[in-house]
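The structure file protein_9.cif is reproduced below (mmCIF, C-alpha atoms and all ligand atoms).
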data_start
loop_
_atom_site.label_atom_id
_atom_site.label_comp_id
_atom_site.auth_asym_id
_atom_site.auth_seq_id
_atom_site.Cartn_x
_atom_site.Cartn_y
_atom_site.Cartn_z
CA MET A 1430 71.47 -23.35 38.96
CA PRO A 1431 67.92 -22.10 38.34
CA ALA A 1432 67.48 -19.40 35.72
CA VAL A 1433 65.77 -16.11 36.63
CA ILE A 1434 65.60 -14.99 33.00
CA GLU A 1435 65.05 -17.35 30.06
CA PHE A 1436 64.76 -16.35 26.41
CA ASP A 1437 63.78 -19.06 23.94
CA ASP A 1438 64.06 -18.19 20.24
CA VAL A 1439 62.99 -14.62 20.97
CA THR A 1440 62.48 -12.20 18.10
CA LYS A 1441 61.26 -8.64 18.50
CA SER A 1442 60.54 -6.62 15.38
CA PHE A 1443 59.10 -3.15 15.03
CA ALA A 1444 56.79 -2.37 12.13
CA SER A 1445 57.90 0.63 10.13
CA ASP A 1446 55.85 2.35 7.42
CA ARG A 1447 54.03 0.09 4.96
CA ARG A 1448 56.68 0.18 2.24
CA SER A 1449 59.86 -0.76 4.15
CA ALA A 1450 60.60 -3.99 5.98
CA PRO A 1451 60.17 -4.09 9.78
CA THR A 1452 63.22 -3.49 12.00
CA VAL A 1453 64.31 -6.70 13.71
CA ALA A 1454 65.74 -5.36 16.99
CA VAL A 1455 66.19 -8.75 18.68
CA ASP A 1456 66.72 -11.69 16.34
CA ASP A 1457 66.15 -15.27 17.48
CA VAL A 1458 67.81 -14.92 20.88
CA THR A 1459 68.07 -17.84 23.28
CA LEU A 1460 69.74 -17.19 26.63
CA ARG A 1461 69.67 -17.99 30.31
CA VAL A 1462 70.59 -15.77 33.24
CA ASN A 1463 71.36 -17.78 36.36
CA THR A 1464 70.20 -16.70 39.81
CA GLY A 1465 72.78 -14.56 41.59
CA SER A 1466 75.00 -13.86 38.60
CA ILE A 1467 76.16 -10.57 37.09
CA VAL A 1468 75.68 -10.73 33.35
CA GLY A 1469 76.98 -8.17 30.87
CA VAL A 1470 75.25 -7.54 27.56
CA ILE A 1471 77.71 -5.84 25.23
CA GLY A 1472 77.31 -4.58 21.67
CA TYR A 1473 77.54 -1.49 19.52
CA SER A 1474 74.77 1.08 19.17
CA GLY A 1475 71.64 -0.43 17.62
CA ALA A 1476 72.61 -4.02 18.54
CA GLY A 1477 69.30 -4.48 20.37
CA LYS A 1478 70.54 -4.22 23.97
CA SER A 1479 67.89 -1.82 25.26
CA THR A 1480 65.16 -3.78 23.50
CA LEU A 1481 66.43 -6.89 25.29
CA VAL A 1482 66.12 -5.05 28.60
CA ARG A 1483 62.61 -3.87 27.77
CA LEU A 1484 61.63 -7.46 27.03
CA ILE A 1485 62.95 -8.48 30.46
CA ASN A 1486 60.86 -5.98 32.38
CA GLY A 1487 57.79 -6.53 30.23
CA LEU A 1488 57.78 -3.10 28.58
CA GLU A 1489 57.91 -4.92 25.21
CA HIS A 1490 56.35 -8.23 24.24
CA PRO A 1491 58.21 -10.68 21.98
CA THR A 1492 57.02 -10.90 18.38
CA SER A 1493 57.80 -14.62 18.57
CA GLY A 1494 59.44 -16.98 21.04
CA THR A 1495 59.07 -16.90 24.83
CA VAL A 1496 60.50 -14.63 27.49
CA ASN A 1497 60.25 -16.03 30.99
CA VAL A 1498 61.28 -13.78 33.88
CA LEU A 1499 60.98 -15.00 37.49
CA GLY A 1500 58.50 -17.62 36.34
CA VAL A 1501 56.30 -15.12 34.48
CA ASP A 1502 55.72 -15.67 30.75
CA VAL A 1503 56.05 -12.04 29.66
CA GLY A 1504 54.32 -12.50 26.28
CA ARG A 1505 51.20 -14.07 27.82
CA ALA A 1506 50.99 -12.33 31.21
CA SER A 1507 48.10 -10.00 32.07
CA GLU A 1508 48.72 -6.30 32.73
CA SER A 1509 48.42 -6.88 36.49
CA GLU A 1510 50.87 -9.80 36.37
CA LEU A 1511 53.30 -7.55 34.48
CA ARG A 1512 52.92 -4.83 37.11
CA GLY A 1513 53.72 -7.43 39.76
CA LEU A 1514 56.77 -8.52 37.78
CA ARG A 1515 58.07 -4.94 37.39
CA GLY A 1516 58.02 -4.62 41.17
CA ARG A 1517 60.49 -7.50 41.32
CA VAL A 1518 62.81 -6.03 38.65
CA GLY A 1519 64.67 -2.80 39.53
CA MET A 1520 66.25 -0.57 36.94
CA ILE A 1521 68.93 2.14 36.78
CA PHE A 1522 69.64 4.47 33.88
CA GLN A 1523 72.41 6.45 32.21
CA GLN A 1524 70.63 9.76 32.95
CA PHE A 1525 69.66 8.62 36.49
CA ASN A 1526 65.95 9.61 35.96
CA LEU A 1527 65.56 11.14 39.43
CA PHE A 1528 62.76 13.53 40.42
CA ASN A 1529 64.58 16.86 40.56
CA SER A 1530 61.86 18.53 42.62
CA ARG A 1531 62.11 15.92 45.39
CA THR A 1532 64.83 15.34 47.95
CA VAL A 1533 67.09 12.31 47.89
CA ARG A 1534 64.99 10.82 50.70
CA ALA A 1535 61.74 11.35 48.79
CA ASN A 1536 63.24 9.89 45.61
CA VAL A 1537 64.26 6.70 47.40
CA ALA A 1538 60.94 6.51 49.30
CA TYR A 1539 58.91 6.84 46.09
CA PRO A 1540 58.69 3.14 45.10
CA LEU A 1541 57.91 2.23 48.73
CA LYS A 1542 55.05 4.72 48.72
CA VAL A 1543 53.73 3.25 45.47
CA ALA A 1544 53.96 -0.22 47.04
CA GLY A 1545 51.87 1.02 49.99
CA TRP A 1546 54.48 1.04 52.77
CA LYS A 1547 53.53 2.96 55.96
CA LYS A 1548 55.43 6.19 56.72
CA ALA A 1549 57.42 4.79 59.68
CA ASP A 1550 58.46 1.68 57.73
CA ARG A 1551 59.38 3.83 54.74
CA ASP A 1552 61.59 6.08 56.85
CA ARG A 1553 63.39 3.15 58.40
CA ARG A 1554 63.93 1.49 55.02
CA VAL A 1555 65.18 4.72 53.38
CA ASP A 1556 67.73 5.24 56.19
CA GLU A 1557 68.99 1.71 55.70
CA LEU A 1558 69.22 2.14 51.91
CA LEU A 1559 71.04 5.48 52.09
CA ARG A 1560 73.54 3.92 54.51
CA PHE A 1561 74.03 0.97 52.15
CA VAL A 1562 74.82 3.18 49.16
CA GLY A 1563 76.91 5.56 51.28
CA ILE A 1564 75.01 8.87 50.98
CA SER A 1565 73.21 9.20 54.34
CA ASP A 1566 74.55 12.75 54.63
CA LYS A 1567 72.72 13.78 51.43
CA ALA A 1568 69.26 12.62 52.53
CA ASN A 1569 67.69 16.09 52.50
CA GLN A 1570 69.47 17.50 49.45
CA TYR A 1571 68.00 17.88 45.99
CA PRO A 1572 69.49 15.87 43.09
CA ARG A 1573 70.83 18.96 41.25
CA ARG A 1574 73.30 19.50 44.10
CA LEU A 1575 74.74 16.00 43.75
CA SER A 1576 77.61 14.73 41.59
CA GLY A 1577 76.93 12.12 38.90
CA GLY A 1578 78.24 9.33 41.13
CA GLN A 1579 76.03 10.44 44.03
CA LYS A 1580 73.01 10.63 41.71
CA GLN A 1581 73.62 7.09 40.55
CA ARG A 1582 73.86 5.97 44.20
CA VAL A 1583 70.40 7.48 44.73
CA GLY A 1584 69.26 5.66 41.57
CA ILE A 1585 70.58 2.37 42.95
CA ALA A 1586 69.00 2.92 46.38
CA ARG A 1587 65.66 3.63 44.71
CA ALA A 1588 65.97 0.63 42.38
CA ILE A 1589 66.63 -1.84 45.22
CA ALA A 1590 64.19 -0.26 47.70
CA THR A 1591 61.48 -2.90 47.33
CA ASP A 1592 63.98 -5.76 47.40
CA PRO A 1593 63.85 -6.80 43.74
CA GLU A 1594 65.31 -10.09 42.59
CA ILE A 1595 66.78 -8.59 39.41
CA LEU A 1596 68.49 -5.25 38.77
CA LEU A 1597 68.79 -3.99 35.19
CA ALA A 1598 71.46 -1.38 34.49
CA ASP A 1599 71.26 0.21 31.02
CA GLU A 1600 74.50 2.15 30.41
CA ALA A 1601 74.38 3.12 34.08
CA THR A 1602 77.99 4.34 34.20
CA SER A 1603 78.29 5.84 30.72
CA ALA A 1604 77.88 9.40 32.02
CA LEU A 1605 80.52 8.98 34.76
CA ASP A 1606 84.29 9.49 34.83
CA PRO A 1607 86.53 6.40 35.27
CA GLN A 1608 87.09 6.83 39.03
CA THR A 1609 83.36 7.30 39.74
CA THR A 1610 82.56 4.42 37.39
CA ALA A 1611 84.85 2.17 39.45
CA GLU A 1612 83.05 3.20 42.67
CA VAL A 1613 79.62 2.54 41.19
CA LEU A 1614 80.82 -0.87 39.91
CA ASP A 1615 82.01 -1.66 43.45
CA LEU A 1616 78.57 -0.76 44.75
CA LEU A 1617 76.88 -2.97 42.15
CA ARG A 1618 79.15 -5.82 43.21
CA GLU A 1619 77.99 -5.26 46.82
CA VAL A 1620 74.35 -5.27 45.69
CA ASN A 1621 74.98 -8.61 44.05
CA ARG A 1622 77.10 -10.29 46.75
CA ARG A 1623 75.39 -8.98 49.89
CA LEU A 1624 71.78 -8.78 48.73
CA GLY A 1625 71.91 -11.69 46.28
CA ILE A 1626 70.34 -9.62 43.49
CA THR A 1627 70.94 -10.87 39.94
CA ILE A 1628 72.28 -8.02 37.81
CA VAL A 1629 72.07 -7.49 34.05
CA VAL A 1630 74.47 -4.77 32.88
CA ILE A 1631 74.01 -3.27 29.42
CA THR A 1632 77.11 -1.56 28.08
CA HIS A 1633 79.20 -0.79 25.03
CA GLN A 1634 82.37 -0.62 27.20
CA ILE A 1635 84.35 -3.81 27.37
CA SER A 1636 86.15 -2.68 30.56
CA ILE A 1637 82.86 -2.78 32.51
CA VAL A 1638 82.31 -6.39 31.49
CA HIS A 1639 85.92 -7.30 32.30
CA GLU A 1640 85.72 -5.82 35.78
CA LEU A 1641 82.24 -6.80 36.86
CA CYS A 1642 80.52 -9.55 34.94
CA ASP A 1643 80.70 -13.31 35.60
CA GLU A 1644 79.01 -13.94 32.28
CA VAL A 1645 78.70 -12.03 29.05
CA VAL A 1646 76.36 -11.90 26.07
CA VAL A 1647 77.80 -10.30 22.91
CA MET A 1648 75.14 -8.84 20.62
CA ASP A 1649 75.47 -7.82 16.97
CA GLY A 1650 72.54 -6.80 14.78
CA GLY A 1651 69.96 -8.21 17.22
CA ARG A 1652 71.69 -11.57 17.46
CA VAL A 1653 73.70 -13.14 20.24
CA VAL A 1654 77.03 -13.91 18.56
CA ASP A 1655 78.97 -15.06 21.63
CA SER A 1656 78.04 -15.83 25.24
CA GLY A 1657 79.15 -17.64 28.36
CA ASP A 1658 81.72 -17.31 31.13
CA THR A 1659 83.38 -13.90 30.70
CA TYR A 1660 86.95 -15.14 30.81
CA ARG A 1661 86.20 -17.97 28.35
CA VAL A 1662 84.45 -15.65 25.91
CA PHE A 1663 87.27 -13.10 25.80
CA ALA A 1664 90.19 -15.55 26.06
CA HIS A 1665 88.74 -17.73 23.28
CA PRO A 1666 86.43 -15.53 21.20
CA ARG A 1667 84.11 -17.31 18.80
CA ALA A 1668 82.75 -14.27 16.97
CA ASP A 1669 84.54 -11.60 14.94
CA LEU A 1670 82.86 -8.91 17.03
CA THR A 1671 84.23 -10.42 20.26
CA ARG A 1672 87.67 -10.51 18.67
CA ARG A 1673 87.30 -6.84 17.75
CA PHE A 1674 86.34 -5.92 21.31
CA VAL A 1675 89.41 -7.77 22.60
CA ALA A 1676 91.73 -6.26 19.97
CA ALA A 1677 90.51 -2.77 20.90
CA VAL A 1678 92.04 -3.15 24.37
CA THR A 1679 94.98 -5.46 23.66
CA GLN A 1680 96.25 -4.35 20.21
CA GLY A 1681 96.39 -7.87 18.77
CA VAL A 1682 98.84 -8.85 16.02
CA PRO A 1683 100.92 -6.08 14.37
CA SER A 1684 100.17 -5.24 10.75
CA GLY A 1685 100.98 -2.64 8.09
CA ASP A 1686 103.76 -0.15 8.75
CA VAL A 1687 104.17 -1.28 12.35
CA LEU A 1688 104.89 -4.82 11.17
CA THR A 1689 107.29 -3.63 8.46
CA SER A 1690 109.36 -1.63 10.95
CA LEU A 1691 109.33 -4.44 13.51
CA ALA A 1692 110.45 -6.93 10.83
CA ALA A 1693 113.37 -4.64 9.91
CA GLY A 1694 114.74 -5.11 13.45
CA GLY A 1695 115.77 -8.71 12.71
CA GLY A 1696 115.14 -11.99 14.50
CA THR A 1697 111.87 -13.84 14.12
CA LEU A 1698 108.56 -12.27 15.17
CA LEU A 1699 106.11 -14.54 16.97
CA SER A 1700 102.70 -13.33 18.19
CA VAL A 1701 101.39 -15.46 21.04
CA GLU A 1702 97.93 -15.32 22.60
CA ILE A 1703 98.01 -14.94 26.36
CA ASN A 1704 95.18 -16.74 28.16
CA GLU A 1705 95.42 -19.73 30.52
CA PHE A 1706 98.88 -19.92 28.92
CA THR A 1707 100.56 -16.92 30.52
CA SER A 1708 103.49 -14.74 29.47
CA GLU A 1709 105.58 -16.62 32.10
CA ASP A 1710 104.74 -19.89 30.36
CA VAL A 1711 105.79 -18.41 27.02
CA SER A 1712 109.13 -17.24 28.47
CA ALA A 1713 109.73 -20.70 29.90
CA VAL A 1714 109.36 -22.24 26.42
CA PHE A 1715 111.86 -19.75 24.93
CA HIS A 1716 114.33 -20.49 27.74
CA ARG A 1717 114.04 -24.24 27.24
CA HIS A 1718 115.04 -23.81 23.61
CA GLY A 1719 117.86 -21.40 24.39
CA ALA A 1720 116.15 -18.54 22.53
CA ARG A 1721 116.63 -14.88 23.43
CA HIS A 1722 113.39 -12.97 23.32
CA SER A 1723 111.79 -9.63 24.07
CA VAL A 1724 108.26 -8.27 23.78
CA VAL A 1725 108.10 -5.75 20.92
CA TYR A 1726 104.36 -5.22 20.49
CA GLY A 1727 100.99 -6.01 22.01
CA GLY A 1728 99.10 -5.66 25.21
CA VAL A 1729 97.22 -7.60 27.82
CA THR A 1730 94.16 -6.70 29.83
CA ASP A 1731 92.59 -8.01 33.02
CA VAL A 1732 89.40 -10.03 32.90
CA LEU A 1733 88.15 -10.57 36.43
CA GLY A 1734 91.77 -10.56 37.63
CA ARG A 1735 93.12 -12.91 34.91
CA GLN A 1736 94.99 -11.82 31.80
CA ILE A 1737 94.16 -12.02 28.11
CA GLY A 1738 95.79 -10.45 25.08
CA THR A 1739 98.41 -11.00 22.42
CA LEU A 1740 102.12 -10.39 22.84
CA THR A 1741 104.53 -10.22 19.92
CA TYR A 1742 108.07 -11.33 20.66
CA ARG A 1743 111.28 -10.84 18.75
CA VAL A 1744 113.07 -14.17 19.04
CA ARG A 1745 116.71 -14.94 18.31
CA VAL A 1746 118.28 -18.38 18.32
CA ASP A 1747 122.08 -18.40 17.98
CA GLY A 1748 123.15 -20.98 15.39
CA ALA A 1749 126.63 -22.24 14.53
CA ALA A 1750 128.62 -19.80 12.36
CA ASP A 1751 128.50 -21.84 9.18
CA ALA A 1752 126.41 -22.04 6.02
CA ALA A 1753 123.85 -24.27 7.75
CA ALA A 1754 123.18 -21.71 10.50
CA GLY A 1755 120.10 -20.27 8.82
CA SER A 1756 118.32 -23.57 8.52
CA ALA A 1757 119.41 -24.67 12.01
CA THR A 1758 117.77 -21.48 13.33
CA ASP A 1759 114.64 -22.15 11.29
CA ALA A 1760 114.41 -25.64 12.75
CA ALA A 1761 114.76 -24.27 16.30
CA ILE A 1762 112.01 -21.69 15.65
CA ASP A 1763 109.79 -24.42 14.23
CA ARG A 1764 110.27 -26.47 17.41
CA ILE A 1765 109.41 -23.44 19.56
CA VAL A 1766 106.30 -22.70 17.51
CA ALA A 1767 105.19 -26.34 17.74
CA GLU A 1768 105.60 -26.33 21.51
CA LEU A 1769 103.71 -23.04 21.95
CA ALA A 1770 100.98 -24.13 19.53
CA ALA A 1771 100.27 -27.15 21.70
CA HIS A 1772 99.03 -24.72 24.38
CA THR A 1773 97.82 -21.55 22.67
CA GLU A 1774 97.45 -19.69 19.37
CA VAL A 1775 100.72 -18.61 17.70
CA HIS A 1776 101.00 -16.40 14.64
CA ARG A 1777 104.05 -15.59 12.55
CA PRO A 1778 103.07 -12.10 11.39
CA GLU A 1779 106.04 -11.81 8.99
CA ALA A 1780 104.77 -14.75 6.99
CA ALA A 1781 102.00 -12.46 5.75
CA VAL A 1782 104.53 -9.80 4.71
CA LYS A 1783 106.79 -12.34 2.94
CA LYS A 1784 103.79 -13.68 1.02
CA GLU A 1785 102.91 -10.16 -0.13
CA VAL A 1786 106.47 -9.44 -1.28
CA ALA A 1787 106.69 -12.77 -3.14
CA SER A 1788 103.48 -12.33 -5.08
N1 LIG B 1801 60.12 1.39 19.51
C1 LIG B 1801 60.84 1.17 18.43
N2 LIG B 1801 60.31 1.34 17.19
C2 LIG B 1801 61.04 1.11 16.08
N3 LIG B 1801 62.31 0.71 16.08
C3 LIG B 1801 62.91 0.50 17.27
C4 LIG B 1801 62.21 0.74 18.51
N4 LIG B 1801 63.06 0.46 19.54
C5 LIG B 1801 64.22 0.08 18.97
N5 LIG B 1801 64.14 0.09 17.63
C6 LIG B 1801 65.21 -0.26 16.67
O1 LIG B 1801 65.74 -1.50 17.07
C7 LIG B 1801 67.17 -1.52 16.93
C8 LIG B 1801 67.81 -1.85 18.27
O2 LIG B 1801 67.62 -0.74 19.16
P1 LIG B 1801 68.09 -0.73 20.68
O3 LIG B 1801 67.65 0.54 21.28
O4 LIG B 1801 67.64 -2.00 21.33
O5 LIG B 1801 69.67 -0.77 20.50
P2 LIG B 1801 70.83 -0.58 21.60
O6 LIG B 1801 71.75 -1.73 21.42
O7 LIG B 1801 70.25 -0.34 22.93
O8 LIG B 1801 71.56 0.73 21.07
P3 LIG B 1801 72.31 1.91 21.93
O9 LIG B 1801 73.66 1.36 22.31
O10 LIG B 1801 72.42 3.02 20.91
O11 LIG B 1801 71.44 2.26 23.09
C9 LIG B 1801 67.55 -0.19 16.35
O12 LIG B 1801 67.67 -0.32 14.96
C10 LIG B 1801 66.38 0.71 16.72
O13 LIG B 1801 66.23 1.74 15.78
MG MG B 1802 70.34 1.23 24.31
#

Rewrite the structure of this file - the entire thing - as structure tokens.
Ligand SMILES: Nc1ncnc2c1ncn2[C@@H]1O[C@H](COP(=O)(O)OP(=O)(O)OP(=O)(O)O)[C@@H](O)[C@H]1O
Ligand SMILES: [Mg+2]
Amino acid sequence: MPAVIEFDDVTKSFASDRRSAPTVAVDDVTLRVNTGSIVGVIGYSGAGKSTLVRLINGLEHPTSGTVNVLGVDVGRASESELRGLRGRVGMIFQQFNLFNSRTVRANVAYPLKVAGWKKADRDRRVDELLRFVGISDKANQYPRRLSGGQKQRVGIARAIATDPEILLADEATSALDPQTTAEVLDLLREVNRRLGITIVVITHQISIVHELCDEVVVMDGGRVVDSGDTYRVFAHPRADLTRRFVAAVTQGVPSGDVLTSLAAGGGTLLSVEINEFTSEDVSAVFHRHGARHSVVYGGVTDVLGRQIGTLTYRVRVDGAADAAAGSATDAAIDRIVAELAAHTEVHRPEAAVKKEVAS
């Protein structure tokens, strides 16, 4: 698949005053965005996400490395080449950035006017765009009379007016409630599937990436610490930050007081990662070994319709009622753990507690 955006060893630093070191906002980033994909860039505040976006639309030049967008070398392009490029890259914002003194229609027509479209063509195009984003009835209203979701629909109509190949969305749903966010994400999916526009979504919300993005780039301190197919990245995180994002929505492995009280309930605690190996698969293993089990902790979340997470089970294997029962049970648990471990990650959270007590 051809790439529409290519970063090769890109660093962007900002000079500060003479005494302190420059801020490295983007640090040695190499990435590819394939034509027609929806890519999420996720990271905490200050990770360098907005700087990455500004490098894509040529508002910033790389300090070193090359940024190539739609065949244009952003660091070496002339001002007029950059203007041409910006016409092929649409953008939507958290605060919508609409002209409050102009109607919805005039807001959407604005980029067409700048591009020199004739009045009749503009009108036709604006009608079509307002229909596409579902706010034809608001054409003659002013932005202040619209809800946040409606404003972002205007923002999207304006951003795609001139038929860009790429749409950049920097925290575009951060000011919206969950229901409106879901509607705007649906619309972005339509923009991608029906118009074939490649979308780069900048966010600090993992749920947006899970619901919308085919691919994800995880940024931490200017660096890309994890990237690739969204399900792969979250089901098998490579970076601590990715693991933290996952744990924030799935709870992970119990620890501290929670673990102590769970351990007091008896049986053996096993924490199993759910990924391609599902909770049904885990249950099947327990059944095969004649073990009773129940979920006592954890959570799973949907990534593009598939599940990831960690579930902690309390497992009981009934042994014979003699002195050897304890070790027979241990052996059965060991066999279960070995079978699960052949497919996915298994933790025995109590082992950590026992070690602490022993030392
Ligand atoms: N024009 C600039 N001059 C100096 N420093 C800058 C400039 N732009 C960004 N930075 C610094 O670069 C770092 C990355 O900033 P950036 O805005 O890209 O982060 P972000 O991931 O978008 O954060 P947020 O989630 O808060 O929007 C920060 O330390 C910021 O202070
Ligand atoms: Mg930002």

Grab me every residue within 8 Å of ligand MG 1802 (chain B), counting all atoms listed in the file, and send it over as a ChimeraX atom specification.
-> /A:1474-1475,1477-1480,1599-1600,1631

Any idea what the distance is between CA of Val1678 (chain A) and CA of Ile1635 (chain A)?
-> 8.3 Å

Return as a ChimeraX atom specification the residues of protein, DNA or RNA that approach ligand LIG 1801 (chain B) to within 10 Å, with only C-alpha atoms and all ligand atoms taken into account.
-> /A:1441-1445,1451-1455,1470-1484,1489,1599-1600,1631-1633,1648-1651

Quick one: distance from CA of Gly1500 (chain A) to CA of Val1620 (chain A) in Å, one decimal?
-> 22.2 Å

Val1562 (chain A): which residues within 8 Å, counting only C-alpha atoms, same-chain residues fewer than 2 positions away excluded, as a list in words?
-> Leu1558, Leu1559, Arg1560, Ile1564, Arg1582, Val1583, Ile1585, Ala1586 and Leu1616 of chain A

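Among the candidate residues A:Ile1485, A:Ala1757, A:Val1647, A:Val1766, the one lying nearest to Val1701 (chain A) is A:Val1766, with distances computed using all atoms listed in the file.
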
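The nearest approach to Glu1774 (chain A) among the residues A:Lys1580, A:His1665, A:Arg1652, A:Lys1547, with all atoms listed in the file taken into account, belongs to A:His1665.
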
One residue among A:Arg1777, A:Arg1745, A:His1716, A:His1639 is nearest to Ile1467 (chain A) when using all atoms listed in the file, and that residue is A:His1639

Shell of 9 Å around region 1682-1695 of chain A, only C-alpha atoms, local chain residues under 2 positions omitted, as a PyMOL selection string = chain A and resi 1676+1680+1697-1698+1700-1701+1725-1727+1739-1741+1743-1745+1776+1778-1779+1781-1782

Using all atoms listed in the file, which residue out of A:His1772, A:Arg1622, A:Arg1447, A:Arg1461 lies closest to Val1646 (chain A)?
-> A:Arg1461
